[in-house]
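Asker: Structure file structure-v6.cif (mmCIF, C-alpha atoms) right here:
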data_final
#
loop_
_atom_site.group_PDB
_atom_site.id
_atom_site.type_symbol
_atom_site.label_atom_id
_atom_site.label_comp_id
_atom_site.auth_asym_id
_atom_site.auth_seq_id
_atom_site.Cartn_x
_atom_site.Cartn_y
_atom_site.Cartn_z
ATOM 1 C CA LYS A 285 160.198 85.368 156.619
ATOM 2 C CA SER A 286 160.107 89.116 157.069
ATOM 3 C CA ILE A 287 161.231 91.280 154.153
ATOM 4 C CA MET A 288 163.464 93.115 156.626
ATOM 5 C CA SER A 289 165.489 89.917 157.105
ATOM 6 C CA LYS A 290 166.424 89.989 153.403
ATOM 7 C CA ILE A 291 167.939 93.495 153.455
ATOM 8 C CA LYS A 292 171.712 93.236 153.118
ATOM 9 C CA GLU A 293 173.848 95.946 154.689
ATOM 10 C CA GLU A 294 176.460 95.915 151.878
ATOM 11 C CA LEU A 295 173.813 96.922 149.299
ATOM 12 C CA LYS A 296 172.335 100.353 148.604
ATOM 13 C CA TYR A 297 168.655 100.212 147.589
ATOM 14 C CA SER A 298 166.487 102.443 145.379
ATOM 15 C CA GLN A 299 162.782 103.089 145.910
ATOM 16 C CA SER A 300 162.033 101.239 142.657
ATOM 17 C CA HIS A 301 163.569 97.977 143.991
ATOM 18 C CA GLU A 302 167.001 98.070 142.342
ATOM 19 C CA TRP A 303 170.163 97.634 144.394
ATOM 20 C CA VAL A 304 173.845 98.537 143.971
ATOM 21 C CA MET A 305 176.896 96.752 145.381
ATOM 22 C CA MET A 306 180.215 98.519 145.030
ATOM 23 C CA MET A 307 182.834 96.070 143.728
ATOM 24 C CA GLY A 308 185.743 98.522 143.666
ATOM 25 C CA ALA A 309 186.506 102.208 143.215
ATOM 26 C CA ASP A 310 184.891 102.374 139.758
ATOM 27 C CA THR A 311 182.947 99.112 139.435
ATOM 28 C CA CYS A 312 179.565 98.101 140.783
ATOM 29 C CA ARG A 313 176.975 95.372 140.418
ATOM 30 C CA ILE A 314 173.289 96.296 139.964
ATOM 31 C CA GLY A 315 170.366 93.966 140.576
ATOM 32 C CA ILE A 316 166.736 93.858 141.628
ATOM 33 C CA THR A 317 165.379 93.002 145.057
ATOM 34 C CA ASP A 318 163.865 89.666 146.032
ATOM 35 C CA TYR A 319 160.515 91.461 146.277
ATOM 36 C CA ALA A 320 160.786 92.667 142.662
ATOM 37 C CA GLN A 321 161.778 89.190 141.485
ATOM 38 C CA GLN A 322 158.835 87.590 143.270
ATOM 39 C CA SER A 323 156.452 90.234 141.907
ATOM 40 C CA LEU A 324 157.603 89.590 138.329
ATOM 41 C CA GLY A 325 157.114 85.837 138.513
ATOM 42 C CA ASP A 326 158.986 83.608 136.077
ATOM 43 C CA ILE A 327 161.472 85.699 134.057
ATOM 44 C CA VAL A 328 161.712 84.604 130.424
ATOM 45 C CA TYR A 329 163.966 87.273 128.848
ATOM 46 C CA VAL A 330 166.276 90.145 129.858
ATOM 47 C CA ASP A 331 167.353 92.858 127.380
ATOM 48 C CA MET A 332 170.276 94.883 128.778
ATOM 49 C CA HIS A 333 172.372 97.812 127.618
ATOM 50 C CA PRO A 334 175.758 96.739 126.198
ATOM 51 C CA VAL A 335 178.569 96.361 128.743
ATOM 52 C CA GLY A 336 180.582 99.553 129.012
ATOM 53 C CA GLU A 337 177.788 101.856 127.799
ATOM 54 C CA ARG A 338 177.344 104.968 129.947
ATOM 55 C CA VAL A 339 173.978 105.512 131.659
ATOM 56 C CA GLU A 340 172.580 108.284 133.808
ATOM 57 C CA ALA A 341 170.758 107.755 137.092
ATOM 58 C CA GLN A 342 167.096 106.846 136.497
ATOM 59 C CA ASP A 343 167.713 105.924 132.826
ATOM 60 C CA THR A 344 166.399 102.549 131.706
ATOM 61 C CA LEU A 345 169.165 99.988 132.191
ATOM 62 C CA ALA A 346 167.300 96.847 131.118
ATOM 63 C CA ASP A 347 163.908 95.419 130.215
ATOM 64 C CA VAL A 348 162.838 92.269 132.038
ATOM 65 C CA GLU A 349 160.127 90.144 130.456
ATOM 66 C CA SER A 350 158.244 87.763 132.698
ATOM 67 C CA VAL A 351 155.182 85.608 132.176
ATOM 68 C CA LYS A 352 153.185 88.474 133.749
ATOM 69 C CA ALA A 353 154.564 91.623 132.071
ATOM 70 C CA VAL A 354 157.567 93.537 130.741
ATOM 71 C CA SER A 355 159.210 95.783 133.335
ATOM 72 C CA GLU A 356 161.916 98.392 133.015
ATOM 73 C CA ILE A 357 164.910 98.294 135.336
ATOM 74 C CA TYR A 358 166.310 101.754 136.123
ATOM 75 C CA SER A 359 169.907 102.605 136.842
ATOM 76 C CA PRO A 360 170.143 103.763 140.457
ATOM 77 C CA LEU A 361 173.269 105.784 139.644
ATOM 78 C CA SER A 362 175.207 107.337 136.776
ATOM 79 C CA GLY A 363 178.214 105.621 135.323
#
Output the file's structure in the form of structure tokens.

Answerer:
Amino acid sequence: KSIMSKIKEELKYSQSHEWVMMMGADTCRIGITDYAQQSLGDIVYVDMHPVGERVEAQDTLADVESVKAVSEIYSPLSG
């Protein structure tokens, strides 16, 4: 399967493999691409900022620990 077939039009993507889906006027969902998930391998732990905490674009939003490494997830937007 081509990676292009996995791109979803309702999502906005960052160059560092995060995506944003707007859920309403002031609410969004942030995730990581299939490519990033496959690159990480088996994920064993996720450490996230508390819900409701303000972050700036490009700030660390979460740390994802996999069997291969620990990776930082960056906020693609401020909010």

Asker: Would you kindly translate the PyMOL selection byres ((chain A and resi 303-319) around 10) into the concrete residues it picks from this file, as a PyMOL selection string?

Answerer: chain A and resi 287+290-302+320-324+345+357-361+363

Asker: Take the residues that were just selected and, keeping C-alpha atoms, output them as a compact mmCIF listing (two decimals), in the frame of the given file.

Answerer:
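Result file selection.txt:
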# COMPACT_ATOMS: atom_id res chain seq x y z
CA ILE A 287 161.23 91.28 154.15
CA LYS A 290 166.42 89.99 153.40
CA ILE A 291 167.94 93.50 153.46
CA LYS A 292 171.71 93.24 153.12
CA GLU A 293 173.85 95.95 154.69
CA GLU A 294 176.46 95.92 151.88
CA LEU A 295 173.81 96.92 149.30
CA LYS A 296 172.34 100.35 148.60
CA TYR A 297 168.66 100.21 147.59
CA SER A 298 166.49 102.44 145.38
CA GLN A 299 162.78 103.09 145.91
CA SER A 300 162.03 101.24 142.66
CA HIS A 301 163.57 97.98 143.99
CA GLU A 302 167.00 98.07 142.34
CA ALA A 320 160.79 92.67 142.66
CA GLN A 321 161.78 89.19 141.49
CA GLN A 322 158.84 87.59 143.27
CA SER A 323 156.45 90.23 141.91
CA LEU A 324 157.60 89.59 138.33
CA LEU A 345 169.16 99.99 132.19
CA ILE A 357 164.91 98.29 135.34
CA TYR A 358 166.31 101.75 136.12
CA SER A 359 169.91 102.60 136.84
CA PRO A 360 170.14 103.76 140.46
CA LEU A 361 173.27 105.78 139.64
CA GLY A 363 178.21 105.62 135.32

Asker: With only C-alpha atoms as the counted atoms, please give the residues lying no more than 7 Å from A:Ser362, apart from itself and same-chain residues fewer than 5 positions off, as a PyMOL selection string.

Answerer: chain A and resi 339-341

Asker: Quick one, how far is atom CA of A:Gly325 from atom CA of A:Ala353?

Answerer: 9.0 Å

Asker: Can you pull out every residue within 9 Å of A:Ile327, counting only C-alpha atoms, but drop anything in the same chain fewer than 4 positions away, and send it as a list of chain:residue names?

Answerer: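 Within the cut-off, the hits are A:Gln321, A:Val348, A:Glu349, A:Ser350, A:Val351, A:Lys352.
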
Asker: Report, in Å to a single decimal, how far apart atom CA of A:Ser355 and atom CA of A:Asp326 are.

Answerer: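 Distance reported for this atom pair: 12.5 Å.
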
Asker: Pick out the residues sitting within 6 Å of A:Ala346, and hand them over as a PyMOL selection string; count only C-alpha atoms, and ignore anything fewer than 4 positions along from it in its own chain.

Answerer: chain A and resi 331-332+356-357
